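Reproduced below: query-v6.tsv, with TSV, C-alpha atoms and all ligand atoms.
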```
chain	number	residue	atom	x	y	z
D	1	MET	CA	212.33	235.14	291.21
D	2	THR	CA	212.31	235.31	287.43
D	3	THR	CA	215.31	232.99	287.13
D	4	ASP	CA	213.85	230.65	289.82
D	5	LEU	CA	210.56	230.36	287.92
D	6	ASP	CA	212.26	229.81	284.55
D	7	GLN	CA	214.53	227.20	286.12
D	8	LEU	CA	211.56	225.44	287.80
D	9	ARG	CA	209.60	225.44	284.49
D	10	GLN	CA	212.58	223.98	282.64
D	11	ASP	CA	213.17	221.29	285.32
D	12	LEU	CA	209.52	220.25	285.56
D	13	LEU	CA	208.81	220.14	281.80
D	14	GLY	CA	212.09	218.30	281.24
D	15	SER	CA	211.25	215.68	283.89
D	16	ILE	CA	207.73	215.26	282.49
D	17	ASP	CA	209.09	214.74	278.98
D	18	ALA	CA	211.59	212.21	280.26
D	19	ALA	CA	209.06	210.26	282.39
D	20	THR	CA	208.78	206.65	281.18
D	21	GLY	CA	205.88	205.37	283.27
D	22	LEU	CA	202.50	206.37	284.67
D	23	ASP	CA	203.92	206.06	288.21
D	24	ALA	CA	206.58	208.67	287.40
D	25	ILE	CA	203.94	211.03	285.96
D	26	GLU	CA	201.89	210.72	289.15
D	27	ALA	CA	204.98	211.37	291.30
D	28	LEU	CA	205.77	214.50	289.24
D	29	ARG	CA	202.17	215.72	289.59
D	30	VAL	CA	202.37	215.39	293.39
D	31	HIS	CA	205.82	217.02	293.39
D	32	ALA	CA	204.55	220.07	291.39
D	33	LEU	CA	200.86	220.43	292.11
D	34	GLY	CA	200.21	218.35	295.28
D	35	LYS	CA	199.42	219.89	298.67
D	36	ALA	CA	203.11	220.43	299.44
D	37	GLY	CA	204.07	220.80	295.76
D	38	ALA	CA	206.47	223.38	294.36
D	39	ILE	CA	203.86	225.33	292.34
D	40	THR	CA	201.30	225.07	295.16
D	41	GLY	CA	203.96	226.69	297.41
D	42	LEU	CA	204.49	229.49	294.91
D	43	LEU	CA	200.74	230.17	294.66
D	44	LYS	CA	200.64	230.51	298.46
D	45	THR	CA	203.30	233.29	298.35
D	46	LEU	CA	200.97	235.50	296.23
D	47	GLY	CA	198.97	236.42	299.37
D	48	GLY	CA	202.02	238.03	301.03
D	49	MET	CA	203.02	240.18	298.02
D	50	SER	CA	202.41	243.85	297.43
D	51	PRO	CA	199.66	244.52	294.86
D	52	GLU	CA	202.24	245.59	292.25
D	53	GLU	CA	204.35	242.50	292.69
D	54	ARG	CA	201.30	240.23	292.73
D	55	GLN	CA	200.16	241.80	289.44
D	56	LEU	CA	203.51	240.87	287.93
D	57	GLN	CA	204.04	237.42	289.51
D	58	GLY	CA	200.40	236.18	289.52
D	59	PRO	CA	200.09	235.56	285.77
D	60	ARG	CA	203.57	234.00	285.64
D	61	ILE	CA	202.90	231.47	288.44
D	62	HIS	CA	199.42	230.64	287.09
D	63	GLY	CA	200.93	230.33	283.58
D	64	LEU	CA	203.50	227.86	284.93
D	65	ARG	CA	200.77	225.84	286.66
D	66	GLU	CA	198.77	225.61	283.43
D	67	ALA	CA	201.81	224.64	281.33
D	68	VAL	CA	202.77	221.87	283.80
D	69	THR	CA	199.17	220.58	284.02
D	70	ALA	CA	198.96	220.42	280.20
D	71	ALA	CA	202.37	218.72	279.90
D	72	LEU	CA	201.38	216.08	282.50
D	73	ALA	CA	198.13	215.29	280.60
D	74	GLU	CA	199.87	215.08	277.27
D	75	ARG	CA	202.67	212.83	278.53
D	76	LYS	CA	200.17	210.62	280.35
D	77	GLY	CA	198.14	210.17	277.14
D	78	ALA	CA	201.26	209.34	275.15
D	79	LEU	CA	202.38	206.73	277.73
D	80	GLU	CA	198.90	205.13	277.75
D	81	ARG	CA	198.94	204.85	273.95
D	82	LEU	CA	202.40	203.27	274.11
D	83	ALA	CA	201.18	200.78	276.75
D	84	LEU	CA	198.17	199.83	274.58
D	85	ASP	CA	200.35	199.43	271.49
D	86	ALA	CA	202.66	197.16	273.47
D	87	ARG	CA	199.70	195.05	274.69
D	88	LEU	CA	198.26	194.75	271.22
D	89	ALA	CA	201.62	193.68	269.88
D	90	SER	CA	202.25	191.09	272.58
D	91	GLU	CA	198.79	189.58	273.29
D	92	THR	CA	197.15	187.11	270.91
D	93	LEU	CA	193.62	185.69	270.88
D	94	ASP	CA	193.03	182.22	269.37
D	95	MET	CA	189.77	182.64	267.48
D	96	THR	CA	189.75	178.92	266.61
D	97	LEU	CA	189.34	177.70	270.23
D	98	PRO	CA	185.95	176.03	270.90
D	99	VAL	CA	183.40	178.17	272.73
D	100	ASP	CA	181.86	176.89	275.97
D	101	LEU	CA	178.16	177.03	274.99
D	102	ALA	CA	175.27	176.63	277.40
D	103	ALA	CA	173.47	173.32	276.73
D	104	PRO	CA	170.96	174.10	273.95
D	105	GLY	CA	167.30	173.18	274.43
D	106	SER	CA	165.52	170.89	272.00
D	107	VAL	CA	162.03	170.52	270.57
D	108	HIS	CA	159.90	167.75	272.10
D	109	PRO	CA	158.80	165.11	269.53
D	110	VAL	CA	155.13	165.90	270.25
D	111	SER	CA	155.72	169.58	269.43
D	112	GLN	CA	157.67	168.61	266.31
D	113	VAL	CA	154.82	166.38	265.07
D	114	MET	CA	152.27	169.13	265.84
D	115	ASP	CA	154.33	171.52	263.69
D	116	GLU	CA	154.54	168.93	260.90
D	117	LEU	CA	150.76	168.42	261.01
D	118	ALA	CA	150.14	172.17	260.85
D	119	GLU	CA	152.49	172.45	257.82
D	120	ILE	CA	150.93	169.55	255.91
D	121	PHE	CA	147.34	170.63	256.51
D	122	ALA	CA	148.16	174.28	255.79
D	123	ASP	CA	149.18	173.07	252.32
D	124	LEU	CA	145.69	171.56	251.99
D	125	GLY	CA	143.99	174.80	253.06
D	126	PHE	CA	143.32	173.88	256.72
D	127	ALA	CA	143.67	176.41	259.55
D	128	VAL	CA	144.74	175.42	263.09
D	129	ALA	CA	141.98	175.89	265.69
D	130	THR	CA	142.45	175.79	269.48
D	131	GLY	CA	140.11	175.89	272.46
D	132	PRO	CA	139.87	175.36	276.25
D	133	GLU	CA	141.09	172.16	277.92
D	134	ILE	CA	138.48	172.65	280.66
D	135	GLU	CA	135.17	172.14	278.89
D	136	ASP	CA	131.49	171.74	279.68
D	137	ASP	CA	129.64	168.52	278.93
D	138	TRP	CA	127.59	170.14	276.15
D	139	HIS	CA	130.64	170.91	273.95
D	140	ASN	CA	132.45	167.68	274.87
D	141	PHE	CA	129.51	165.24	274.66
D	142	THR	CA	125.96	166.49	274.04
D	143	ALA	CA	126.64	168.44	270.82
D	144	LEU	CA	128.53	165.37	269.53
D	145	ASN	CA	125.41	163.20	269.77
D	146	ILE	CA	126.60	161.57	273.00
D	147	PRO	CA	123.56	162.01	275.31
D	148	GLU	CA	123.58	161.72	279.12
D	149	SER	CA	123.02	157.96	279.28
D	150	HIS	CA	125.29	157.11	276.33
D	151	PRO	CA	127.90	154.43	277.15
D	152	ALA	CA	130.54	156.53	275.34
D	153	ARG	CA	130.53	158.96	278.29
D	154	ALA	CA	131.65	156.12	280.54
D	155	MET	CA	133.90	154.74	277.78
D	156	HIS	CA	135.80	157.98	277.70
D	157	ASP	CA	136.79	157.68	281.40
D	158	THR	CA	136.18	161.36	281.94
D	159	PHE	CA	137.81	163.51	284.64
D	160	TYR	CA	134.89	165.56	286.03
D	161	PHE	CA	135.15	168.65	288.24
D	162	PRO	CA	133.07	168.57	291.45
D	163	GLU	CA	129.52	169.88	290.84
D	164	ASP	CA	129.04	173.40	292.19
D	165	GLY	CA	125.32	172.79	292.91
D	166	SER	CA	124.19	175.56	290.54
D	167	GLY	CA	122.69	173.04	288.11
D	168	GLU	CA	124.83	174.59	285.36
D	169	ARG	CA	126.59	172.49	282.73
D	170	LYS	CA	129.00	169.96	284.22
D	171	MET	CA	132.67	170.90	283.81
D	172	LEU	CA	135.33	168.37	282.79
D	173	LEU	CA	138.75	167.94	281.20
D	174	ARG	CA	138.08	167.50	277.48
D	175	THR	CA	138.34	163.84	276.44
D	176	HIS	CA	139.07	164.74	272.80
D	177	THR	CA	139.62	167.96	270.81
D	178	SER	CA	136.16	167.65	269.15
D	179	PRO	CA	134.76	170.47	271.35
D	180	VAL	CA	137.15	172.83	269.51
D	181	GLN	CA	135.47	171.84	266.24
D	182	ILE	CA	132.02	172.26	267.81
D	183	ARG	CA	132.98	175.79	268.95
D	184	THR	CA	134.21	176.56	265.42
D	185	MET	CA	130.98	175.32	263.79
D	186	VAL	CA	128.88	177.34	266.27
D	187	THR	CA	130.79	180.59	265.66
D	188	GLN	CA	132.08	180.40	262.06
D	189	LYS	CA	130.12	180.34	258.84
D	190	PRO	CA	131.05	177.39	256.56
D	191	PRO	CA	132.99	176.45	254.52
D	192	ILE	CA	135.21	175.23	257.37
D	193	ARG	CA	138.56	173.49	257.06
D	194	ILE	CA	140.39	173.12	260.38
D	195	ILE	CA	142.62	170.85	262.38
D	196	ALA	CA	142.44	170.96	266.18
D	197	PRO	CA	145.63	169.66	267.85
D	198	GLY	CA	146.05	169.69	271.62
D	199	ARG	CA	146.05	168.03	275.03
D	200	THR	CA	143.25	165.66	275.97
D	201	TYR	CA	142.51	163.74	279.20
D	202	ARG	CA	141.13	160.35	280.17
D	203	SER	CA	141.57	158.43	283.44
D	204	ASP	CA	143.58	155.69	281.81
D	205	SER	CA	147.14	154.62	282.61
D	206	ASP	CA	149.28	151.76	281.32
D	207	ALA	CA	152.11	151.20	278.82
D	208	THR	CA	150.03	152.52	275.93
D	209	HIS	CA	147.78	155.05	277.77
D	210	THR	CA	148.68	158.15	279.77
D	211	PRO	CA	146.04	160.26	281.60
D	212	MET	CA	147.07	163.22	279.42
D	213	PHE	CA	147.72	162.61	275.74
D	214	HIS	CA	147.69	164.59	272.53
D	215	GLN	CA	145.15	164.39	269.80
D	216	VAL	CA	144.60	166.00	266.45
D	217	GLU	CA	141.19	166.15	264.87
D	218	GLY	CA	140.29	167.46	261.44
D	219	LEU	CA	137.00	168.84	260.21
D	220	VAL	CA	135.70	169.91	256.82
D	221	ILE	CA	132.22	171.40	256.43
D	222	ASP	CA	131.09	172.49	252.97
D	223	LYS	CA	128.51	171.69	250.29
D	224	GLY	CA	128.66	168.30	248.57
D	225	ILE	CA	131.41	166.76	250.71
D	226	THR	CA	131.70	162.96	250.32
D	227	LEU	CA	133.60	159.98	251.71
D	228	GLY	CA	135.85	160.32	248.62
D	229	HIS	CA	137.12	163.70	249.88
D	230	LEU	CA	137.82	162.10	253.26
D	231	LYS	CA	139.82	159.23	251.80
D	232	TRP	CA	141.88	161.46	249.47
D	233	THR	CA	142.65	163.91	252.28
D	234	LEU	CA	143.80	161.19	254.69
D	235	GLU	CA	145.87	159.45	252.00
D	236	THR	CA	147.54	162.74	251.01
D	237	PHE	CA	148.19	163.59	254.66
D	238	LEU	CA	149.68	160.18	255.54
D	239	LYS	CA	151.95	160.17	252.46
D	240	ALA	CA	153.32	163.59	253.40
D	241	PHE	CA	153.64	162.74	257.11
D	242	PHE	CA	155.46	159.40	256.65
D	243	GLU	CA	157.34	160.80	253.62
D	244	ARG	CA	156.46	157.78	251.46
D	245	ASP	CA	154.49	157.40	248.24
D	246	ASP	CA	153.64	153.73	248.81
D	247	ILE	CA	151.16	154.35	251.67
D	248	VAL	CA	148.17	151.98	251.41
D	249	LEU	CA	144.94	152.71	253.27
D	250	ARG	CA	142.14	150.46	254.40
D	251	LEU	CA	138.86	151.99	255.59
D	252	ARG	CA	137.10	149.58	257.96
D	253	PRO	CA	133.44	150.18	258.93
D	254	SER	CA	133.18	151.27	262.56
D	255	TYR	CA	130.99	153.25	264.94
D	256	PHE	CA	131.31	156.71	266.48
D	257	PRO	CA	128.22	158.56	267.75
D	258	PHE	CA	129.35	161.77	265.97
D	259	THR	CA	129.88	160.33	262.47
D	260	GLU	CA	127.70	158.29	260.10
D	261	PRO	CA	129.00	156.31	258.35
D	262	SER	CA	132.18	155.85	260.43
D	263	ALA	CA	135.43	154.22	259.41
D	264	GLU	CA	138.56	153.10	261.18
D	265	VAL	CA	141.60	153.84	259.02
D	266	ASP	CA	144.40	151.26	258.84
D	267	VAL	CA	147.78	151.83	257.18
D	268	GLY	CA	149.80	149.04	255.60
D	269	TYR	CA	153.21	148.16	257.04
D	270	THR	CA	156.09	145.82	256.21
D	271	ILE	CA	158.63	144.29	258.58
D	272	GLN	CA	162.17	145.59	258.22
D	273	ASN	CA	164.97	144.42	260.56
D	274	GLY	CA	162.28	142.99	262.85
D	275	LYS	CA	160.49	146.34	263.11
D	276	ARG	CA	157.16	147.46	261.65
D	277	VAL	CA	157.72	150.14	259.02
D	278	ILE	CA	154.80	152.17	257.63
D	279	GLY	CA	154.44	151.88	253.84
D	280	GLY	CA	153.59	149.03	251.47
D	281	GLY	CA	152.45	145.80	253.08
D	282	GLY	CA	148.81	145.47	254.02
D	283	ASP	CA	147.42	142.20	252.69
D	284	THR	CA	150.63	141.24	250.84
D	285	ALA	CA	152.87	138.47	252.22
D	286	GLY	CA	154.90	139.63	255.23
D	287	GLY	CA	152.79	142.76	255.58
D	288	GLY	CA	150.03	143.85	257.95
D	289	TRP	CA	147.62	146.64	258.90
D	290	MET	CA	147.99	149.17	261.66
D	291	GLU	CA	145.12	151.29	262.92
D	292	VAL	CA	146.07	154.98	262.86
D	293	LEU	CA	142.88	157.06	262.61
D	294	GLY	CA	139.16	157.16	263.28
D	295	SER	CA	136.98	159.02	260.82
D	296	GLY	CA	133.60	159.45	259.22
D	297	MET	CA	131.00	161.76	257.72
D	298	VAL	CA	129.84	164.26	260.34
D	299	HIS	CA	126.49	163.08	261.78
D	300	PRO	CA	123.56	165.32	260.67
D	301	LYS	CA	122.56	165.65	264.34
D	302	VAL	CA	125.99	167.19	265.12
D	303	ILE	CA	125.66	169.67	262.25
D	304	ALA	CA	122.14	170.60	263.46
D	305	ALA	CA	123.30	170.93	267.11
D	306	CYS	CA	125.72	173.64	265.92
D	307	GLY	CA	122.90	175.61	264.31
D	308	LEU	CA	123.58	174.57	260.69
D	309	ASP	CA	121.14	172.96	258.24
D	310	PRO	CA	122.34	169.37	257.57
D	311	ASP	CA	120.53	169.36	254.21
D	312	GLU	CA	122.72	172.27	253.09
D	313	TRP	CA	126.04	171.43	254.78
D	314	GLN	CA	127.91	168.14	254.93
D	315	GLY	CA	131.38	167.26	256.08
D	316	PHE	CA	133.90	164.75	257.21
D	317	ALA	CA	135.93	164.49	260.39
D	318	PHE	CA	138.80	162.41	261.68
D	319	GLY	CA	140.81	162.03	264.84
D	320	CYS	CA	144.06	160.42	265.90
D	321	GLY	CA	146.64	160.36	268.67
D	322	ILE	CA	149.64	162.62	268.06
D	323	ASP	CA	151.78	160.66	270.52
D	324	ARG	CA	151.06	157.49	268.54
D	325	LEU	CA	151.92	159.24	265.25
D	326	ALA	CA	155.24	160.38	266.74
D	327	MET	CA	156.03	156.84	267.96
D	328	LEU	CA	155.31	155.37	264.52
D	329	LYS	CA	157.34	157.96	262.61
D	330	TYR	CA	160.34	158.24	264.93
D	331	GLY	CA	160.51	154.67	266.26
D	332	MET	CA	159.84	155.20	269.96
D	333	ASP	CA	158.36	152.30	271.89
D	334	ASP	CA	157.16	153.42	275.35
D	335	LEU	CA	154.49	156.13	275.44
D	336	ARG	CA	155.18	156.92	279.10
D	337	ALA	CA	158.70	158.14	278.25
D	338	PHE	CA	157.05	161.06	276.39
D	339	PHE	CA	155.95	162.61	279.66
D	340	ASP	CA	158.59	161.43	282.16
D	341	GLY	CA	160.61	164.60	281.61
D	342	ASP	CA	163.88	162.63	281.42
D	343	ILE	CA	166.38	164.99	279.79
D	344	ARG	CA	168.42	162.03	278.43
D	345	TRP	CA	165.39	160.76	276.48
D	346	LEU	CA	164.82	164.24	275.08
D	347	ARG	CA	168.51	164.60	274.09
D	348	HIS	CA	168.16	161.32	272.20
D	349	TYR	CA	164.82	161.95	270.52
D	350	GLY	CA	164.49	165.77	270.67
D	351	PHE	CA	164.78	167.99	267.63
D	352	SER	CA	166.98	171.02	267.09
D	353	ALA	CA	165.07	174.27	267.30
D	354	LEU	CA	166.58	175.03	263.89
D	355	ASP	CA	165.14	171.83	262.40
D	356	VAL	CA	161.82	173.43	261.39
D	357	PRO	CA	159.45	171.17	259.47
D	358	THR	CA	159.18	173.20	256.27
D	359	LEU	CA	158.27	170.18	254.10
D	360	SER	CA	159.39	172.29	251.17
D	361	GLY	CA	158.28	169.57	248.78
D	362	GLY	CA	154.70	170.18	249.85
D	363	VAL	CA	152.13	167.40	249.97
D	364	GLY	CA	152.50	166.74	246.25
D	365	ALA	CA	148.85	167.50	245.74
D	401	LIG	C1	139.55	158.42	267.16
D	401	LIG	C2	138.33	158.85	266.46
D	401	LIG	C3	137.26	160.73	265.55
D	401	LIG	C4	135.93	162.61	265.00
D	401	LIG	C5	136.94	162.04	265.72
D	401	LIG	C6	134.49	164.58	264.99
D	401	LIG	C7	134.36	165.89	265.41
D	401	LIG	C8	133.19	166.55	265.13
D	401	LIG	C9	132.21	165.95	264.47
D	401	LIG	C10	132.38	164.65	264.08
D	401	LIG	CL1	133.00	168.14	265.67
D	401	LIG	N1	133.48	163.99	264.33
D	401	LIG	N2	135.62	163.94	265.26
D	401	LIG	C11	135.27	161.84	264.03
D	401	LIG	C12	135.61	160.52	263.87
D	401	LIG	C13	136.61	159.95	264.62
D	401	LIG	O1	138.27	160.23	266.31
D	401	LIG	O2	139.83	157.28	267.17
D	401	LIG	N3	140.28	159.34	267.75
D	401	LIG	C14	141.47	159.05	268.45
```

Kindly transcribe the structure held in the file into structure tokens.
Amino acid sequence: MTTDLDQLRQDLLGSIDAATGLDAIEALRVHALGKAGAITGLLKTLGGMSPEERQLQGPRIHGLREAVTAALAERKGALERLALDARLASETLDMTLPVDLAAPGSVHPVSQVMDELAEIFADLGFAVATGPEIEDDWHNFTALNIPESHPARAMHDTFYFPEDGSGERKMLLRTHTSPVQIRTMVTQKPPIRIIAPGRTYRSDSDATHTPMFHQVEGLVIDKGITLGHLKWTLETFLKAFFERDDIVLRLRPSYFPFTEPSAEVDVGYTIQNGKRVIGGGGDTAGGGWMEVLGSGMVHPKVIAACGLDPDEWQGFAFGCGIDRLAMLKYGMDDLRAFFDGDIRWLRHYGFSALDVPTLSGGVGA
């Protein structure tokens, strides 16, 4: 028995040491420790031995089983390391091959212009204010000095919600972002310096009008505010937005119920390669004027409607179409394309998400 066990140990450990593959290791494990394995067979003989013999042979057989189990694990580990080394030596990875990226998204021109506006006006000390797109007629019209019978209510081609019969304020889709400014004046103590960008709605639809469009309005309420502050602010804004120093402005008398006096703001343009380009121009030869903004001094009735004393607080306000600003700056010609959702248009005109409008030069103020 002693010689048999020693011989078996020598044979098994020798074979394990000589094994050159994981398959061979597995075969040796089955041969020694499997159900019908050599060591398994020896363990079974322990039951038939006398207590004295079992006391002698038990530790020897168990010792052999442990030695073989350990040798199998060690050889298996060594073979796996060899296999990995061989793979690492033979396989190469070309780190210069192009990566198959998912198509990146891009920033819509309207969003880009909104970000630019926020940056420019932040430099001038303006905060961005937002409010509901579903409004009541008090915030959208009445507080802005547009009473029930006023033609401007019809002029604005308002989308109204059906009346609920409660006699409460009529609900509508805001026709401008002015109600955001009204809400700010009602809830915030002056001085106020805000811009209100956002979606607005009018039942209008042709090449230059879409039922939903974007507007930005600005509002300043403080003591001693004059038309001079308005003109300087708009000039500074337009120079920064169009990135040109030669911006010329023309303020044309106009009428809005919510401002007095009111002025339409035109910007000079010149013709370059058959296209209108903002900057220079105006009344000079080959130049012309383009209307870009409406503005004025906030009507005392509007200030009073918001609970402020018009003898103490004055201000100016202005409004313009963001879609129109985007078209002028980035040379797009059909407004409807803005909202068609055609991915090819967006690939052409969209902005990289990394192209953030930092305007690091500031407004030069
Ligand atoms: C235009 C004209 C304008 C305003 C908007 C305004 C807001 C308040 C008080 C007074 Cl709360 N005015 N907004 C003033 C003048 C013109 O917009 O042509 N928009 C596209």

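The environment of Gly279 in chain D within 12 Å, counting all atoms listed in the file and disregarding residues fewer than 5 places along the same chain, consists of D:Glu235, D:Leu238, D:Lys239, D:Ala240, D:Phe241, D:Phe242, D:Glu243, D:Arg244, D:Asp245, D:Asp246, D:Ile247, D:Val248, D:Leu249, D:Asp266, D:Val267, D:Gly268, D:Tyr269, D:Thr270, D:Ile271, D:Gln272, D:Thr284, D:Gly287, D:Gly288, D:Trp289, D:Met290, D:Leu328, D:Lys329.
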
Can you write out as CSV which residues of chain D fall within 8 Å of ligand LIG 401 (chain D), alongside each residue's closest atom pair and its distance in Å to one decimal, counting all atoms listed in the file and ordering rows by chain and ascending residue number?
```
residue,atom,partner,partner_atom,distance
D:Leu144,CA,D:LIG401,C9,6.3
D:His176,CA,D:LIG401,N3,7.5
D:Thr177,CA,D:LIG401,C7,7.8
D:Ser178,CA,D:LIG401,C7,4.5
D:Pro179,CA,D:LIG401,CL1,6.4
D:Val180,CA,D:LIG401,CL1,7.3
D:Gln181,CA,D:LIG401,CL1,4.5
D:Ile182,CA,D:LIG401,CL1,4.7
D:Met185,CA,D:LIG401,CL1,7.7
D:Gln215,CA,D:LIG401,C14,6.6
D:Val216,CA,D:LIG401,C14,7.9
D:Glu217,CA,D:LIG401,C5,6.0
D:Gly218,CA,D:LIG401,N2,7.0
D:Leu219,CA,D:LIG401,C7,6.5
D:Phe256,CA,D:LIG401,C12,6.3
D:Phe258,CA,D:LIG401,C10,4.6
D:Thr259,CA,D:LIG401,C10,5.2
D:Ser262,CA,D:LIG401,C12,6.7
D:Ala263,CA,D:LIG401,C12,7.7
D:Glu264,CA,D:LIG401,O2,7.4
D:Val292,CA,D:LIG401,O2,7.9
D:Leu293,CA,D:LIG401,O2,5.5
D:Gly294,CA,D:LIG401,C2,3.7
D:Ser295,CA,D:LIG401,C12,3.7
D:Gly296,CA,D:LIG401,C12,5.2
D:Met297,CA,D:LIG401,C10,7.1
D:Val298,CA,D:LIG401,C10,4.5
D:His299,CA,D:LIG401,C10,6.5
D:Val302,CA,D:LIG401,C9,6.4
D:Ile303,CA,D:LIG401,C9,7.9
D:Phe316,CA,D:LIG401,C10,7.0
D:Ala317,CA,D:LIG401,C11,4.6
D:Phe318,CA,D:LIG401,C11,4.3
D:Gly319,CA,D:LIG401,O1,3.4
D:Cys320,CA,D:LIG401,C14,3.9
D:Gly321,CA,D:LIG401,C14,5.3
```

Leaving out range 118-131 of chain D and any residue of its chain fewer than 4 positions from it, which residues lie within 6 Å of it when counting only C-alpha atoms, given as a list in words?
-> Val180, Arg193, Ile194, Ile195 and Ala196 of chain D

What does the distance between CA of Phe351 in chain D and CA of His108 in chain D come to in Å, to one decimal place?
->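 A separation of 6.6 Å between them.
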
Would you kindly return, as an mmCIF file with C-alpha atoms, in the coordinates of the input, each protein, DNA or RNA residue with an atom no farther than 9 Å from any atom of Pro191 in chain D, considering only C-alpha atoms and excluding same-chain residues fewer than 2 positions away?
```cif
data_model
loop_
_atom_site.group_PDB
_atom_site.id
_atom_site.type_symbol
_atom_site.label_atom_id
_atom_site.label_comp_id
_atom_site.auth_asym_id
_atom_site.auth_seq_id
_atom_site.Cartn_x
_atom_site.Cartn_y
_atom_site.Cartn_z
ATOM 1 C CA GLN D 188 132.080 180.400 262.060
ATOM 2 C CA LYS D 189 130.120 180.340 258.840
ATOM 3 C CA ARG D 193 138.560 173.490 257.060
ATOM 4 C CA VAL D 220 135.700 169.910 256.820
ATOM 5 C CA ILE D 221 132.220 171.400 256.430
ATOM 6 C CA ASP D 222 131.090 172.490 252.970
ATOM 7 C CA LYS D 223 128.510 171.690 250.290
ATOM 8 C CA TRP D 313 126.040 171.430 254.780
#
```

Using only the atoms of range 69-77 of chain D listed in the file, plus 4 Å on each side, state the axis-aligned box centre and edge lengths in Å rounded to one decimal, as lines of an AutoDock Vina configuration file.
```
center_x = 200.4
center_y = 215.4
center_z = 280.6
size_x = 12.5
size_y = 18.4
size_z = 14.9
```

Compile the contact shell of Asp334 in chain D as a PyMOL selection string: residues with an atom at most 12 Å away, counting all atoms listed in the file, same-chain residues fewer than 4 positions apart removed.
-> chain D and resi 206-210+323-324+326-328+330+338-340+345

Using the selection just defined, write its residues with C-alpha atoms as a short mmCIF file (atom, residue, chain, number, x, y, z; two decimals), keeping the file's coordinate frame.
```cif
data_model
loop_
_atom_site.label_atom_id
_atom_site.label_comp_id
_atom_site.auth_asym_id
_atom_site.auth_seq_id
_atom_site.Cartn_x
_atom_site.Cartn_y
_atom_site.Cartn_z
CA ASP D 206 149.28 151.76 281.32
CA ALA D 207 152.11 151.20 278.82
CA THR D 208 150.03 152.52 275.93
CA HIS D 209 147.78 155.05 277.77
CA THR D 210 148.68 158.15 279.77
CA ASP D 323 151.78 160.66 270.52
CA ARG D 324 151.06 157.49 268.54
CA ALA D 326 155.24 160.38 266.74
CA MET D 327 156.03 156.84 267.96
CA LEU D 328 155.31 155.37 264.52
CA TYR D 330 160.34 158.24 264.93
CA PHE D 338 157.05 161.06 276.39
CA PHE D 339 155.95 162.61 279.66
CA ASP D 340 158.59 161.43 282.16
CA TRP D 345 165.39 160.76 276.48
#
```

In Å, with one decimal, what is the gap from CA of Val68 in chain D to CA of Arg9 in chain D?
-> 7.7 Å

Quick one: of D:Gly14, D:Gly63, D:Gly274, D:Gly341, who's nearest to Gly286 in chain D, counting all atoms listed in the file?
->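 For Gly286 in chain D, the nearest of the given residues is D:Gly274.
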
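Taking CA of Cys306 in chain D as the reference point, CA of Ile146 in chain D is found at 14.0 Å.
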
Residues at most 10 Å from Ala71 in chain D, counting all atoms listed in the file, excluding those fewer than 4 positions away in the same chain, as a ChimeraX atom specification?
-> /D:12-14,16-17,25,65-67,75-77

Pick the closest to Met171 in chain D from D:Asp136, D:Glu53, D:Asp333, D:Glu116: which is it, counting only C-alpha atoms?
->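 Distance minimum relative to Met171 in chain D lands on D:Asp136.
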
Out of D:Pro197, D:Gly41, D:Gly105, D:Pro261, which residue has the shortest atom-to-atom distance to Ile322 in chain D when counting all atoms listed in the file?
->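 Of D:Pro197, D:Gly41, D:Gly105, D:Pro261, the one nearest Ile322 in chain D is D:Pro197, counting all atoms listed in the file.
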
Would you be able to write out as an NGL selection string which residues have an atom within 12 Å of (202.1, 231.7, 295.7) in the file's coordinates, counting only C-alpha atoms?
-> :D and (1 or 5 or 33 or 36-49 or 53-54 or 57-62 or 64-65)

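Proximity to Ser352 in chain D was assessed for D:Ala103, D:Ala285, D:Ala83, D:Lys301 counting all atoms listed in the file; the smallest distance is recorded for D:Ala103.
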